[in-house]
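Heads up, the thing below is written out as structure tokens.
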Amino acid sequence: MKNLVELIDVSLRYGAALAVSNLSLAVPVHSFAAVVGPSGCGKSSVLKLVAGLVPASSGTVLVEGQQITAPVGNVGMAFQNANLLPWRTALDNVLLPLEVVRPERYQFSARRQEFTARAMELLCMMGLESFTGHYPWQLSGGMQQRVSLCRALIHQPQLLVLDEPFASLDALTREELWDVVQKIWAERPLTVILVTHDLREALYLADQVHVMSSGPGQVVNSVDTSAFGRPRGEELLSNANFNEQVVALKAEIRSQRALFNTKPTAQTESAR
């Protein structure tokens, strides 16, 4: 299968701190990858590299075969905080990228009706059709994250990068959003890379779970989850094989964290 994303022997420094070292990773087209590892291992840095938010210090970052050295237009991003603009409604927050990203920003006035219909379709898919005119302060945390996901998808990106987008939510809302994201990914030509500390989340959503070493980060193991099948439902969370894999991943990450704690110089928090 063709790879949409490739990182080849990539290293990244923040000043004197080495966040990622000689990291290689491939993500096939229309696959769902998760990246896990101990705090400080460079997980979020991988997303920044792929999105072109930071340039690699060495090595090669490719998206669709093109080397990435600047922000990429065909990438959607969602983070732990929804970061909605408080003076804009849910609908207007979703439309925001089309007002500022090329080429849509030059077409926004002429195509506003089309873009609004696209935003409404996403909001309805998220179960927010009754809240399109609400402001962020009128929405629950889970609703705000749903709006954030719609905003990340509004420009129809080929790649969606998710940096712990469900970490601040309660367990029930988090698991509901897992199914929403799984449905969107299955129905759209999307490739997804998820960074998370939740090992159940990683195994539930991803085709492959990539485990990073203690910082500076490298991929030290990749777990294929195809045996869990698709689509995945709530019953998987009580499956014995699934929970054995959660325990195995937890042990591996604890081992990596122990290695990190024995290093003479810890990496800075910015490396996370």
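Labels used: A, B, ... for chains in the order of the structure tokens, numbers from 1 for residues in each chain, and numbers from 1 for ligands as shown.
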With only C-alpha atoms counted and 12 Å as the cut-off, give the residues of range 42-97 of chain A in contact with range 106-122 of chain A, each with its shortest interatomic distance in Å and the pair that gives it, as CSV.
```
residue,atom,partner,partner_atom,distance
A:Ala90,CA,A:Ala119,CA,9.7
A:Leu91,CA,A:Ala119,CA,6.8
A:Asp92,CA,A:Thr116,CA,8.8
A:Asn93,CA,A:Ala119,CA,9.6
A:Val94,CA,A:Ala119,CA,6.3
A:Leu95,CA,A:Ala119,CA,6.6
A:Leu96,CA,A:Phe108,CA,10.2
A:Pro97,CA,A:Phe108,CA,10.2
```
Within 7 Å of range 127-144 of chain A, which residues of range 25-112 of chain A come that close, and what is the closest atom pair and distance in Å for each? Count only C-alpha atoms and give it as a tab-separated table.
```
residue	atom	partner	partner_atom	distance
A:Ala82	CA	A:Gln144	CA	6.0
A:Leu84	CA	A:Pro136	CA	6.6
A:Pro86	CA	A:Pro136	CA	5.6
A:Trp87	CA	A:Tyr135	CA	7.0
A:Arg88	CA	A:Tyr135	CA	6.2
A:Thr89	CA	A:Tyr135	CA	4.4
A:Ala90	CA	A:Thr132	CA	5.0
A:Leu91	CA	A:Thr132	CA	5.0
```
Generate the output file for the selected residues, N, CA and C atoms, as a CSV table (one decimal), in the first residue's frame.
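Written out: selection_39.csv:
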```
chain,number,residue,atom,x,y,z
A,82,ALA,N,-10.1,22.8,22.6
A,82,ALA,CA,-10.9,23.1,21.3
A,82,ALA,C,-10.5,24.4,20.7
A,84,LEU,N,-11.8,27.3,20.4
A,84,LEU,CA,-12.8,28.0,19.6
A,84,LEU,C,-12.8,29.5,19.9
A,86,PRO,N,-14.5,32.7,21.0
A,86,PRO,CA,-15.7,32.9,21.8
A,86,PRO,C,-16.7,33.8,21.2
A,87,TRP,N,-16.3,34.6,20.2
A,87,TRP,CA,-17.3,35.6,19.6
A,87,TRP,C,-17.9,35.0,18.4
A,88,ARG,N,-17.6,33.8,18.0
A,88,ARG,CA,-18.1,33.2,16.8
A,88,ARG,C,-19.0,32.0,17.2
A,89,THR,N,-20.1,31.8,16.5
A,89,THR,CA,-21.0,30.7,16.7
A,89,THR,C,-20.3,29.4,16.3
A,90,ALA,N,-20.9,28.2,16.7
A,90,ALA,CA,-20.3,26.9,16.3
A,90,ALA,C,-20.2,26.9,14.8
A,91,LEU,N,-21.2,27.3,14.0
A,91,LEU,CA,-21.1,27.3,12.6
A,91,LEU,C,-20.0,28.2,12.1
```
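As for CA of Val20 in chain A and CA of Ser255 in chain A, they are spaced 18.4 Å apart.
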Measure the distance from CA of Asp170 in chain A to CA of Val75 in chain A in Å and round it to one decimal. 27.3 Å
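Residues lying within 8 Å of His210 in chain A, counting only C-alpha atoms and ignoring same-chain neighbours fewer than 4 positions away, are Ala33, Ala34, Val35, Val36, Val219, Val220, Asn221, Ser222 and Val223 of chain A.
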Output C-alpha atoms of each residue in that selection to a file, as a tab-separated table (two decimals), in the first residue's frame.
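Result went into out-v9.tsv, see below:
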```tsv
chain	number	residue	atom	x	y	z
A	33	ALA	CA	-2.07	5.40	13.03
A	34	ALA	CA	-1.63	6.08	16.73
A	35	VAL	CA	1.59	7.21	18.42
A	36	VAL	CA	2.09	6.45	22.11
A	219	VAL	CA	9.80	4.31	17.16
A	220	VAL	CA	10.78	1.14	19.02
A	221	ASN	CA	7.72	-1.02	18.29
A	222	SER	CA	4.66	-1.06	16.02
A	223	VAL	CA	1.57	-3.06	16.95
```
